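Structure file structure.cif; described as mmCIF, C-alpha atoms.
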```cif
data_work
#
loop_
_atom_site.label_atom_id
_atom_site.label_comp_id
_atom_site.auth_asym_id
_atom_site.auth_seq_id
_atom_site.Cartn_x
_atom_site.Cartn_y
_atom_site.Cartn_z
CA MET A 1302 -29.25 -2.35 11.05
CA SER A 1303 -28.35 -5.20 8.76
CA THR A 1304 -24.85 -6.60 8.52
CA ASP A 1305 -24.90 -5.90 4.78
CA SER A 1306 -25.60 -2.18 5.23
CA ALA A 1307 -22.85 -1.87 7.84
CA ALA A 1308 -20.38 -3.65 5.56
CA GLN A 1309 -21.07 -1.15 2.78
CA ARG A 1310 -20.28 1.87 4.91
CA PRO A 1311 -16.89 3.62 4.84
CA ASP A 1312 -14.32 3.01 7.54
CA LEU A 1313 -14.77 5.19 10.62
CA SER A 1314 -11.89 6.96 12.35
CA VAL A 1315 -11.14 9.67 14.93
CA LEU A 1316 -9.18 12.93 14.69
CA GLU A 1317 -7.67 14.08 18.00
CA LEU A 1318 -6.56 17.64 18.81
CA VAL A 1319 -6.20 17.10 22.57
CA GLY A 1320 -8.65 19.82 23.54
CA ARG A 1321 -8.23 21.13 27.08
CA PRO A 1322 -11.46 21.84 28.98
CA GLU A 1323 -11.68 24.84 31.30
CA GLY A 1324 -10.60 23.81 34.80
CA SER A 1325 -8.43 20.88 33.69
CA SER A 1326 -4.65 20.56 33.55
CA PRO A 1327 -2.55 19.85 30.47
CA ALA A 1328 -1.79 16.41 31.87
CA GLN A 1329 -5.50 15.70 32.25
CA ALA A 1330 -6.14 16.76 28.65
CA VAL A 1331 -3.47 14.36 27.37
CA GLU A 1332 -4.84 11.56 29.56
CA ASN A 1333 -8.36 12.23 28.20
CA ALA A 1334 -6.99 11.82 24.67
CA MET A 1335 -5.27 8.55 25.57
CA ARG A 1336 -8.45 7.19 27.16
CA ALA A 1337 -10.37 8.09 24.02
CA ALA A 1338 -7.74 6.30 21.91
CA GLU A 1339 -8.14 3.20 24.07
CA GLU A 1340 -11.91 3.36 23.65
CA ALA A 1341 -11.69 3.81 19.88
CA ASP A 1342 -9.36 0.80 19.79
CA ARG A 1343 -11.84 -1.29 21.79
CA LEU A 1344 -14.86 -0.19 19.75
CA GLY A 1345 -13.43 -1.05 16.33
CA TYR A 1346 -12.61 2.37 14.85
CA SER A 1347 -10.04 2.17 12.05
CA ARG A 1348 -7.61 4.99 12.87
CA TYR A 1349 -6.77 7.45 15.60
CA TRP A 1350 -4.94 10.46 14.20
CA PHE A 1351 -3.33 13.38 16.02
CA ALA A 1352 -3.25 16.88 14.52
CA GLU A 1353 -0.44 19.44 14.79
CA HIS A 1354 -1.25 22.83 16.34
CA HIS A 1355 1.01 25.40 17.97
CA ASN A 1356 0.69 28.43 20.25
CA THR A 1357 -2.91 27.86 21.35
CA ALA A 1358 -4.09 27.07 24.86
CA THR A 1359 -7.14 25.28 23.44
CA PHE A 1360 -5.25 22.30 22.02
CA LEU A 1361 -2.26 20.35 23.29
CA SER A 1362 -1.46 18.65 19.99
CA SER A 1363 1.80 20.43 19.20
CA ALA A 1364 4.05 17.37 19.68
CA THR A 1365 2.19 15.11 17.26
CA MET A 1366 4.70 12.29 17.14
CA VAL A 1367 5.07 12.16 20.92
CA LEU A 1368 1.30 11.75 21.21
CA MET A 1369 1.37 9.02 18.57
CA ALA A 1370 4.00 7.13 20.57
CA LEU A 1371 1.92 7.42 23.76
CA ALA A 1372 -1.22 6.19 21.98
CA ALA A 1373 0.67 3.32 20.36
CA GLN A 1374 1.64 2.10 23.83
CA ARG A 1375 -1.97 2.31 25.06
CA THR A 1376 -3.61 0.49 22.12
CA SER A 1377 -3.22 -2.83 20.35
CA ARG A 1378 -5.23 -2.85 17.10
CA ILE A 1379 -6.21 0.60 15.84
CA ARG A 1380 -3.96 2.43 13.38
CA ILE A 1381 -2.18 5.42 14.94
CA GLY A 1382 -1.29 8.36 12.75
CA SER A 1383 -0.68 12.05 12.23
CA GLY A 1384 -3.51 14.17 10.97
CA GLY A 1385 -1.11 15.57 10.31
CA VAL A 1386 2.53 16.52 10.51
CA MET A 1387 2.97 19.95 8.91
CA LEU A 1388 5.95 19.05 6.77
CA PRO A 1389 7.40 22.56 6.22
CA ASN A 1390 7.93 22.70 10.01
CA HIS A 1391 10.08 19.55 10.12
CA PRO A 1392 13.08 18.09 8.25
CA PRO A 1393 12.02 14.90 6.42
CA LEU A 1394 14.90 12.94 7.95
CA SER A 1395 13.76 13.86 11.46
CA VAL A 1396 10.15 12.96 10.61
CA ALA A 1397 11.24 9.60 9.25
CA GLU A 1398 13.36 8.81 12.30
CA GLN A 1399 10.56 9.66 14.74
CA ILE A 1400 7.72 8.02 12.82
CA GLY A 1401 9.95 5.04 12.13
CA THR A 1402 10.57 4.69 15.86
CA VAL A 1403 6.82 4.65 16.54
CA ALA A 1404 6.41 2.09 13.74
CA GLN A 1405 8.90 -0.18 15.50
CA VAL A 1406 6.75 -0.03 18.64
CA ALA A 1407 3.50 -0.54 16.72
CA PRO A 1408 4.49 -2.45 13.56
CA GLY A 1409 1.99 -2.37 10.72
CA ARG A 1410 -0.36 0.17 12.26
CA VAL A 1411 1.25 3.60 11.83
CA ASP A 1412 0.19 6.23 9.27
CA LEU A 1413 1.91 9.47 8.31
CA GLY A 1414 -0.51 12.21 7.23
CA LEU A 1415 1.26 15.27 5.86
CA GLY A 1416 0.10 18.86 5.36
CA ARG A 1417 1.56 22.13 4.12
CA ALA A 1418 -0.24 24.58 6.45
CA PRO A 1419 1.70 26.07 9.39
CA GLY A 1420 -0.78 24.88 12.00
CA THR A 1421 -0.44 28.18 13.84
CA ASP A 1422 -0.20 31.97 13.52
CA GLN A 1423 2.33 33.71 11.29
CA LEU A 1424 4.73 34.72 14.06
CA THR A 1425 4.90 31.22 15.52
CA ALA A 1426 5.20 29.79 12.02
CA SER A 1427 8.25 31.96 11.40
CA LEU A 1428 9.92 30.37 14.43
CA LEU A 1429 8.96 26.82 13.40
CA ARG A 1430 9.52 26.86 9.67
CA ARG A 1431 12.66 25.41 8.23
CA GLY A 1432 11.50 24.88 4.63
CA GLU A 1433 9.20 26.03 1.86
CA ALA A 1434 5.51 25.17 1.64
CA ASP A 1435 5.11 25.29 -2.14
CA PRO A 1436 3.78 22.18 -3.91
CA GLN A 1437 7.09 21.34 -5.60
CA SER A 1438 9.04 21.36 -2.33
CA PHE A 1439 6.27 19.37 -0.64
CA ALA A 1440 6.40 16.71 -3.37
CA ARG A 1441 10.20 16.46 -3.19
CA GLU A 1442 10.11 15.95 0.55
CA ILE A 1443 7.39 13.30 0.30
CA LEU A 1444 9.60 11.45 -2.20
CA ALA A 1445 12.47 11.67 0.29
CA LEU A 1446 10.24 10.27 3.03
CA ARG A 1447 9.14 7.37 0.81
CA GLY A 1448 12.81 6.55 0.37
CA TYR A 1449 13.54 6.65 4.09
CA PHE A 1450 10.67 4.24 4.82
CA SER A 1451 11.65 1.82 2.03
CA GLU A 1452 13.55 -1.42 2.35
CA ALA A 1453 16.36 0.13 0.31
CA ASN A 1454 17.01 2.52 3.20
CA THR A 1455 18.31 -0.41 5.23
CA ALA A 1456 21.22 -1.02 2.85
CA PRO A 1457 24.66 -0.34 4.40
CA SER A 1458 25.62 1.46 1.18
CA SER A 1459 23.08 4.23 1.83
CA ARG A 1460 24.98 7.38 2.75
CA VAL A 1461 22.16 8.67 4.99
CA ARG A 1462 19.76 6.26 6.65
CA ALA A 1463 16.75 6.91 8.85
CA VAL A 1464 17.68 3.79 10.76
CA PRO A 1465 14.42 3.12 12.65
CA ALA A 1466 12.36 3.84 9.52
CA GLY A 1467 13.98 1.65 6.88
CA GLY A 1468 11.73 -1.17 5.75
CA THR A 1469 8.69 -0.02 7.75
CA GLU A 1470 6.93 1.17 4.55
CA VAL A 1471 4.76 3.57 6.60
CA PRO A 1472 1.77 4.67 4.45
CA ILE A 1473 1.78 8.37 3.57
CA TRP A 1474 -1.40 10.44 3.25
CA VAL A 1475 -1.75 13.98 1.91
CA LEU A 1476 -3.97 16.26 3.98
CA GLY A 1477 -5.61 19.32 2.48
CA SER A 1478 -8.36 21.90 2.71
CA SER A 1479 -8.14 23.25 -0.83
CA LEU A 1480 -7.94 22.26 -4.48
CA ASN A 1481 -4.15 22.50 -4.28
CA GLY A 1482 -4.03 19.73 -1.70
CA ALA A 1483 -6.35 17.57 -3.79
CA SER A 1484 -4.21 18.10 -6.88
CA ILE A 1485 -0.98 17.26 -5.04
CA ALA A 1486 -2.45 14.07 -3.57
CA GLY A 1487 -3.75 12.95 -6.95
CA GLN A 1488 -0.59 13.66 -8.89
CA LEU A 1489 1.53 11.90 -6.24
CA GLY A 1490 -0.72 8.83 -6.26
CA LEU A 1491 -1.36 9.01 -2.51
CA PRO A 1492 -4.43 8.71 -0.28
CA PHE A 1493 -6.12 12.06 0.40
CA SER A 1494 -7.81 13.36 3.54
CA PHE A 1495 -9.90 16.50 3.07
CA ALA A 1496 -10.46 18.81 6.05
CA SER A 1497 -14.17 19.28 5.41
CA HIS A 1498 -14.80 19.53 9.16
CA PHE A 1499 -13.55 23.13 9.05
CA ALA A 1500 -13.21 23.97 5.33
CA PRO A 1501 -16.29 22.47 3.67
CA GLN A 1502 -16.79 24.90 0.80
CA ALA A 1503 -14.44 23.23 -1.67
CA LEU A 1504 -15.23 19.63 -0.71
CA ALA A 1505 -17.10 18.51 -3.83
CA GLU A 1506 -14.69 20.23 -6.23
CA ALA A 1507 -11.62 18.93 -4.37
CA VAL A 1508 -12.92 15.37 -4.56
CA GLY A 1509 -13.35 15.77 -8.31
CA VAL A 1510 -9.85 17.21 -8.74
CA TYR A 1511 -8.29 14.43 -6.68
CA ARG A 1512 -9.93 11.66 -8.65
CA ALA A 1513 -9.34 13.32 -12.04
CA GLN A 1514 -5.64 13.87 -11.40
CA PHE A 1515 -4.91 10.62 -9.61
CA SER A 1516 -1.87 8.88 -11.07
CA THR A 1517 -0.08 5.65 -10.31
CA GLU A 1518 2.95 6.72 -12.35
CA ALA A 1519 4.57 9.04 -9.79
CA PRO A 1520 7.55 7.63 -7.87
CA THR A 1521 5.68 8.51 -4.68
CA ALA A 1522 2.58 6.46 -5.63
CA GLN A 1523 1.64 3.76 -3.13
CA ILE A 1524 -1.96 2.81 -4.02
CA ASP A 1525 -3.60 1.58 -7.24
CA ALA A 1526 -6.78 3.69 -6.99
CA PRO A 1527 -7.86 6.89 -5.22
CA ARG A 1528 -8.58 6.59 -1.50
CA LEU A 1529 -10.55 9.45 0.05
CA MET A 1530 -11.10 10.37 3.69
CA VAL A 1531 -13.39 13.26 4.70
CA GLY A 1532 -13.60 15.02 8.05
CA VAL A 1533 -16.98 15.43 9.78
CA ASN A 1534 -17.90 17.11 13.07
CA VAL A 1535 -19.90 14.58 15.07
CA VAL A 1536 -21.87 14.57 18.31
CA VAL A 1537 -24.22 11.70 19.18
CA ALA A 1538 -26.61 11.82 22.15
CA ASP A 1539 -29.96 10.43 23.25
CA THR A 1540 -31.86 13.46 21.92
CA GLU A 1541 -31.20 16.07 19.26
CA ALA A 1542 -31.53 18.83 21.85
CA GLU A 1543 -28.89 17.21 24.04
CA ALA A 1544 -26.52 16.76 21.10
CA GLN A 1545 -26.97 20.38 20.03
CA ARG A 1546 -26.26 21.54 23.58
CA ILE A 1547 -23.05 19.48 23.71
CA PHE A 1548 -22.09 20.97 20.33
CA THR A 1549 -22.16 24.50 21.76
CA THR A 1550 -18.70 23.78 23.21
CA HIS A 1551 -17.49 23.28 19.64
CA GLN A 1552 -19.28 26.42 18.49
CA MET A 1553 -17.63 28.51 21.20
CA MET A 1554 -14.23 27.07 20.29
CA ALA A 1555 -14.79 27.96 16.62
CA ALA A 1556 -15.94 31.46 17.60
CA GLY A 1557 -12.62 31.93 19.36
CA ILE A 1558 -10.81 31.10 16.13
CA VAL A 1559 -12.89 33.63 14.19
CA THR A 1560 -12.48 36.42 16.76
CA GLY A 1561 -8.94 35.63 17.86
CA ALA A 1562 -10.12 35.30 21.48
CA ARG A 1563 -9.13 31.69 21.98
CA GLU A 1564 -9.79 30.03 25.32
CA LEU A 1565 -10.01 26.58 26.85
CA LEU A 1566 -12.98 24.39 25.93
CA GLN A 1567 -16.02 25.86 27.64
CA PRO A 1568 -19.00 24.13 29.29
CA PRO A 1569 -22.03 23.79 27.00
CA VAL A 1570 -24.79 26.38 27.17
CA ASP A 1571 -28.54 26.23 26.60
CA ASP A 1572 -28.54 29.17 24.16
CA ILE A 1573 -25.46 29.68 21.99
CA THR A 1574 -26.65 33.13 20.91
CA SER A 1575 -26.31 34.27 24.51
CA VAL A 1576 -22.52 33.87 24.35
CA VAL A 1577 -21.66 34.14 20.63
CA PRO A 1578 -22.78 37.16 18.54
CA GLN A 1579 -24.94 36.24 15.55
CA ARG A 1580 -22.42 37.54 12.99
CA VAL A 1581 -19.73 35.29 14.49
CA LEU A 1582 -22.17 32.40 14.70
CA ASP A 1583 -22.93 32.79 11.00
CA ALA A 1584 -19.22 32.58 10.18
CA THR A 1585 -18.69 29.50 12.32
CA SER A 1586 -21.79 27.84 10.87
CA ASN A 1587 -20.21 28.09 7.42
CA MET A 1588 -17.06 26.45 8.78
CA GLN A 1589 -19.08 23.64 10.37
CA ALA A 1590 -21.40 22.85 7.46
CA VAL A 1591 -20.12 19.27 7.26
CA SER A 1592 -21.46 18.09 10.61
CA ALA A 1593 -23.64 15.32 12.00
CA ILE A 1594 -25.23 16.31 15.30
CA GLY A 1595 -28.16 14.47 16.88
CA THR A 1596 -29.49 11.05 17.83
CA PRO A 1597 -27.84 7.89 16.51
CA ASP A 1598 -30.40 7.62 13.70
CA GLN A 1599 -30.01 11.28 12.72
CA VAL A 1600 -26.22 11.10 12.70
CA LEU A 1601 -26.29 7.86 10.76
CA GLU A 1602 -28.52 9.40 8.09
CA LYS A 1603 -26.27 12.45 7.81
CA LEU A 1604 -23.06 10.43 7.58
CA ASP A 1605 -24.57 8.06 5.03
CA GLY A 1606 -25.51 11.10 2.95
CA ILE A 1607 -21.99 12.54 3.14
CA ALA A 1608 -20.50 9.19 2.19
CA GLU A 1609 -22.84 8.84 -0.78
CA ALA A 1610 -22.26 12.41 -1.99
CA THR A 1611 -18.46 12.18 -1.83
CA GLY A 1612 -17.83 8.49 -2.42
CA ALA A 1613 -15.61 8.60 0.67
CA ASP A 1614 -13.73 5.45 1.58
CA GLU A 1615 -13.37 6.68 5.15
CA ILE A 1616 -14.91 9.25 7.50
CA ILE A 1617 -12.76 10.78 10.21
CA THR A 1618 -14.82 12.19 13.05
CA VAL A 1619 -14.07 15.31 15.11
CA THR A 1620 -15.77 15.69 18.49
CA TYR A 1621 -15.15 18.35 21.12
CA ALA A 1622 -16.83 17.99 24.50
CA TYR A 1623 -16.26 19.80 27.77
CA ASP A 1624 -16.82 16.56 29.68
CA PRO A 1625 -14.54 13.75 28.41
CA GLU A 1626 -17.11 11.15 29.47
CA VAL A 1627 -19.66 12.78 27.16
CA ARG A 1628 -17.24 12.42 24.27
CA LEU A 1629 -16.62 8.75 25.05
CA ARG A 1630 -20.37 8.13 25.15
CA SER A 1631 -20.79 9.80 21.76
CA MET A 1632 -18.06 7.56 20.35
CA ARG A 1633 -19.77 4.46 21.74
CA MET A 1634 -23.18 5.42 20.41
CA LEU A 1635 -21.76 6.13 16.95
CA ALA A 1636 -19.83 2.86 16.89
CA GLU A 1637 -22.97 0.90 17.72
CA ALA A 1638 -25.10 2.75 15.16
CA TRP A 1639 -22.41 2.39 12.47
CA GLY A 1640 -22.10 -1.32 13.05
CA LEU A 1641 -18.51 -1.41 14.21
CA ASP A 1642 -17.56 -4.78 15.62
CA ALA A 1643 -16.03 -4.30 19.05
CA ALA A 1644 -15.83 -8.05 19.57
CA ALA A 1645 -13.75 -8.48 16.41
CA ALA A 1646 -11.54 -5.55 17.45
CA ALA A 1647 -10.90 -7.21 20.80
#
```
Please express the file's structure as structure tokens.
Amino acid sequence: MSTDSAAQRPDLSVLELVGRPEGSSPAQAVENAMRAAEEADRLGYSRYWFAEHHNTATFLSSATMVLMALAAQRTSRIRIGSGGVMLPNHPPLSVAEQIGTVAQVAPGRVDLGLGRAPGTDQLTASLLRRGEADPQSFAREILALRGYFSEANTAPSSRVRAVPAGGTEVPIWVLGSSLNGASIAGQLGLPFSFASHFAPQALAEAVGVYRAQFSTEAPTAQIDAPRLMVGVNVVVADTEAEAQRIFTTHQMMAAGIVTGARELLQPPVDDITSVVPQRVLDATSNMQAVSAIGTPDQVLEKLDGIAEATGADEIITVTYAYDPEVRLRSMRMLAEAWGLDAAAAA
């Protein structure tokens, strides 16, 4: 691969949900995530973001900001962020105080990705929610957060200050899986991350809406031009057959979401149809349409195609593996194929 072709590619990042493999402890799952963050830092990935999920044994990413703080302590270069904080679950002041604290530990490399979804089932959401999820409320709370992170928030005259946050100017991203999210991000003049790794159907239309509605006039605006990130399921291995076998762990996880029978991450299988009914497999295949599974060359071709089709500025990868070492190897192989500069990162 030429240096020129690598330079033209989008940034490459990692989304972490802290999946827990069958037979492992919660502590081991968190440690696996931290090791992966360290490896992404070493390899030259741009960001390492933690999602927010509740009431599921599969993922241990419910305390997003705690995980960010742990990863910030274990890394030195990579940007650490939330992918994302589900804002209706949290008071903006509390979010600003916690993210601002992380930003003090890792100055200049913290991102705040925000979403409106509950990140859980309806019953659990009812216990978490403290605010509305409508677009107007979401926009108001983002404006409040921008204020808390601003230099003005350090002024003694401010009646309410998020003391650790003032002056950190933490970048805010809008996360979405629909046209509504794209519209909100555009109108607010913020970077947009689309969850195409599990909601691919509206990807092309959402990208168009985001760019068409992008405005620098909103008081929340923080960039001069649209910035788009897209999520892609990725597994890289020596052979396509090996990569597809590793991916069966992901397929079984997705089947659990569809059927409601969630379980810990399962070991890969030779024949996915032996453990997942075809009707469920069809549904999960639709969810996973934006995927790159195969050898380094195959994954590179697929990712290049996604980048060209969407004009993405950044690709955030999602990889589930029963064996954490297999995941680390996939990350290494992708970094090498993509042309990331581990030496520069070091």
If we count only C-alpha atoms, what is near A:Gly1467 at a cut-off of 12 Å, once residues fewer than 6 positions away on the same chain are taken out, given as number ranges by chain? A: 1394, 1397-1402, 1404-1405, 1446-1457, 1459, 1461
Output check: residues returned by the PyMOL selection byres ((chain A and resi 1330-1347) around 10), as a PyMOL selection string: chain A and resi 1312-1322+1325-1329+1348-1351+1360-1362+1368-1369+1371-1381+1410+1615-1617+1624-1626+1628-1630+1632-1633+1635-1637+1640-1647
Do you know which residues lie at most 12 Å from (-3.9, 30.5, 5.9), with coordinates as in the file and only C-alpha atoms counted, and could you write them as a list of chain:residue names?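 These residues have at least one counted atom within 12 Å: A:Arg1417, A:Ala1418, A:Pro1419, A:Gly1420, A:Thr1421, A:Asp1422, A:Gln1423, A:Ala1426, A:Ala1434, A:Gly1477, A:Ser1478, A:Ser1479, A:Ala1500.
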Could you save the residues just selected, with C-alpha atoms, as a PDB file, keeping the file's coordinate frame?
```
ATOM      1  CA  ARG A1417       1.560  22.130   4.120  1.00  0.00           C
ATOM      2  CA  ALA A1418      -0.240  24.580   6.450  1.00  0.00           C
ATOM      3  CA  PRO A1419       1.700  26.070   9.390  1.00  0.00           C
ATOM      4  CA  GLY A1420      -0.780  24.880  12.000  1.00  0.00           C
ATOM      5  CA  THR A1421      -0.440  28.180  13.840  1.00  0.00           C
ATOM      6  CA  ASP A1422      -0.200  31.970  13.520  1.00  0.00           C
ATOM      7  CA  GLN A1423       2.330  33.710  11.290  1.00  0.00           C
ATOM      8  CA  ALA A1426       5.200  29.790  12.020  1.00  0.00           C
ATOM      9  CA  ALA A1434       5.510  25.170   1.640  1.00  0.00           C
ATOM     10  CA  GLY A1477      -5.610  19.320   2.480  1.00  0.00           C
ATOM     11  CA  SER A1478      -8.360  21.900   2.710  1.00  0.00           C
ATOM     12  CA  SER A1479      -8.140  23.250  -0.830  1.00  0.00           C
ATOM     13  CA  ALA A1500     -13.210  23.970   5.330  1.00  0.00           C
TER      14      ALA A1500
END
```
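Under the PyMOL selection byres ((chain A and resi 1384) around 9), the matching residues in the shown file are A:Leu1316, A:Glu1317, A:Tyr1349, A:Trp1350, A:Phe1351, A:Ala1352, A:Glu1353, A:Thr1365, A:Gly1382, A:Ser1383, A:Gly1385, A:Val1386, A:Met1387, A:Asp1412, A:Leu1413, A:Gly1414, A:Leu1415, A:Gly1416, A:Trp1474, A:Leu1476, A:Ser1494.
Take atom CA of A:Val1531 and atom CA of A:Ile1607: the distance between them is 8.8 Å.
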I'd like to see the residues matched by the PyMOL selection byres ((chain A and resi 1508) around 9) on this file, and ideally I'd get them as a list in words. Leu1480, Ala1483, Phe1495, Ala1503, Leu1504, Ala1505, Glu1506, Ala1507, Gly1509, Val1510, Tyr1511, Arg1512, Ala1513, Leu1529, Thr1611, Gly1612 and Ala1613 of chain A
Quick one: residues within 8 Å of A:Thr1596, all atoms listed in the file counted, chain neighbours fewer than 3 positions away excluded, as JSON, numbers by chain? {"A": [1537, 1538, 1539, 1540, 1541, 1544, 1599, 1600]}
Hey, can you check how far atom CA of A:Pro1472 sits from atom CA of A:Ala1486?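 Going from atom CA of A:Pro1472 over to atom CA of A:Ala1486 covers 13.1 Å.
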Got a sec to write stretch 1357-1384 of chain A of the block to a file, N, CA and C atoms, as an mmCIF file, in the first residue's frame?
```
data_model
loop_
_atom_site.group_PDB
_atom_site.id
_atom_site.type_symbol
_atom_site.label_atom_id
_atom_site.label_comp_id
_atom_site.auth_asym_id
_atom_site.auth_seq_id
_atom_site.Cartn_x
_atom_site.Cartn_y
_atom_site.Cartn_z
ATOM 1 N N THR A 1357 -28.149 -5.794 30.717
ATOM 2 C CA THR A 1357 -27.829 -6.912 29.839
ATOM 3 C C THR A 1357 -26.537 -7.555 30.313
ATOM 4 N N ALA A 1358 -26.556 -8.870 30.444
ATOM 5 C CA ALA A 1358 -25.365 -9.588 30.888
ATOM 6 C C ALA A 1358 -24.281 -9.590 29.817
ATOM 7 N N THR A 1359 -24.676 -9.359 28.565
ATOM 8 C CA THR A 1359 -23.728 -9.449 27.453
ATOM 9 C C THR A 1359 -22.663 -8.373 27.515
ATOM 10 N N PHE A 1360 -23.069 -7.159 27.901
ATOM 11 C CA PHE A 1360 -22.162 -6.008 27.874
ATOM 12 C C PHE A 1360 -22.034 -5.377 29.253
ATOM 13 N N LEU A 1361 -20.815 -4.946 29.572
ATOM 14 C CA LEU A 1361 -20.569 -4.298 30.853
ATOM 15 C C LEU A 1361 -20.283 -2.809 30.680
ATOM 16 N N SER A 1362 -20.946 -2.194 29.706
ATOM 17 C CA SER A 1362 -20.682 -0.786 29.412
ATOM 18 C C SER A 1362 -21.791 0.125 29.938
ATOM 19 N N SER A 1363 -22.251 -0.144 31.155
ATOM 20 C CA SER A 1363 -23.306 0.702 31.717
ATOM 21 C C SER A 1363 -22.743 1.978 32.338
ATOM 22 N N ALA A 1364 -21.544 1.903 32.910
ATOM 23 C CA ALA A 1364 -20.928 3.079 33.543
ATOM 24 C C ALA A 1364 -19.911 3.679 32.581
ATOM 25 N N THR A 1365 -20.424 4.313 31.527
ATOM 26 C CA THR A 1365 -19.584 4.778 30.425
ATOM 27 C C THR A 1365 -18.440 5.673 30.880
ATOM 28 N N MET A 1366 -18.749 6.622 31.747
ATOM 29 C CA MET A 1366 -17.726 7.600 32.123
ATOM 30 C C MET A 1366 -16.676 7.008 33.056
ATOM 31 N N VAL A 1367 -17.060 5.999 33.819
ATOM 32 C CA VAL A 1367 -16.071 5.288 34.639
ATOM 33 C C VAL A 1367 -15.078 4.561 33.736
ATOM 34 N N LEU A 1368 -15.600 3.903 32.697
ATOM 35 C CA LEU A 1368 -14.741 3.200 31.746
ATOM 36 C C LEU A 1368 -13.819 4.167 31.015
ATOM 37 N N MET A 1369 -14.349 5.335 30.658
ATOM 38 C CA MET A 1369 -13.507 6.350 30.016
ATOM 39 C C MET A 1369 -12.348 6.752 30.918
ATOM 40 N N ALA A 1370 -12.628 6.932 32.205
ATOM 41 C CA ALA A 1370 -11.580 7.330 33.140
ATOM 42 C C ALA A 1370 -10.516 6.239 33.258
ATOM 43 N N LEU A 1371 -10.952 4.972 33.308
ATOM 44 C CA LEU A 1371 -9.998 3.868 33.377
ATOM 45 C C LEU A 1371 -9.118 3.836 32.129
ATOM 46 N N ALA A 1372 -9.745 3.990 30.955
ATOM 47 C CA ALA A 1372 -8.991 3.942 29.698
ATOM 48 C C ALA A 1372 -8.050 5.132 29.572
ATOM 49 N N ALA A 1373 -8.469 6.283 30.065
ATOM 50 C CA ALA A 1373 -7.597 7.462 30.009
ATOM 51 C C ALA A 1373 -6.309 7.230 30.800
ATOM 52 N N GLN A 1374 -6.421 6.493 31.916
ATOM 53 C CA GLN A 1374 -5.251 6.206 32.730
ATOM 54 C C GLN A 1374 -4.322 5.186 32.072
ATOM 55 N N ARG A 1375 -4.877 4.364 31.181
ATOM 56 C CA ARG A 1375 -4.102 3.277 30.578
ATOM 57 C C ARG A 1375 -3.555 3.627 29.188
ATOM 58 N N THR A 1376 -3.837 4.834 28.708
ATOM 59 C CA THR A 1376 -3.413 5.247 27.363
ATOM 60 C C THR A 1376 -2.724 6.602 27.448
ATOM 61 N N SER A 1377 -2.087 6.983 26.327
ATOM 62 C CA SER A 1377 -1.360 8.256 26.355
ATOM 63 C C SER A 1377 -1.632 9.150 25.155
ATOM 64 N N ARG A 1378 -2.134 8.590 24.045
ATOM 65 C CA ARG A 1378 -2.300 9.380 22.818
ATOM 66 C C ARG A 1378 -3.714 9.386 22.288
ATOM 67 N N ILE A 1379 -4.344 8.219 22.241
ATOM 68 C CA ILE A 1379 -5.640 8.047 21.594
ATOM 69 C C ILE A 1379 -6.709 8.883 22.291
ATOM 70 N N ARG A 1380 -7.684 9.365 21.528
ATOM 71 C CA ARG A 1380 -8.802 10.099 22.105
ATOM 72 C C ARG A 1380 -9.755 9.104 22.758
ATOM 73 N N ILE A 1381 -10.213 9.431 23.953
ATOM 74 C CA ILE A 1381 -11.136 8.584 24.713
ATOM 75 C C ILE A 1381 -12.491 9.274 24.740
ATOM 76 N N GLY A 1382 -13.554 8.518 24.441
ATOM 77 C CA GLY A 1382 -14.856 9.170 24.391
ATOM 78 C C GLY A 1382 -16.011 8.252 24.709
ATOM 79 N N SER A 1383 -17.190 8.837 24.660
ATOM 80 C CA SER A 1383 -18.435 8.098 24.887
ATOM 81 C C SER A 1383 -19.123 7.896 23.551
ATOM 82 N N GLY A 1384 -19.536 6.677 23.324
ATOM 83 C CA GLY A 1384 -20.208 6.378 22.059
ATOM 84 C C GLY A 1384 -21.524 5.658 22.251
#
```
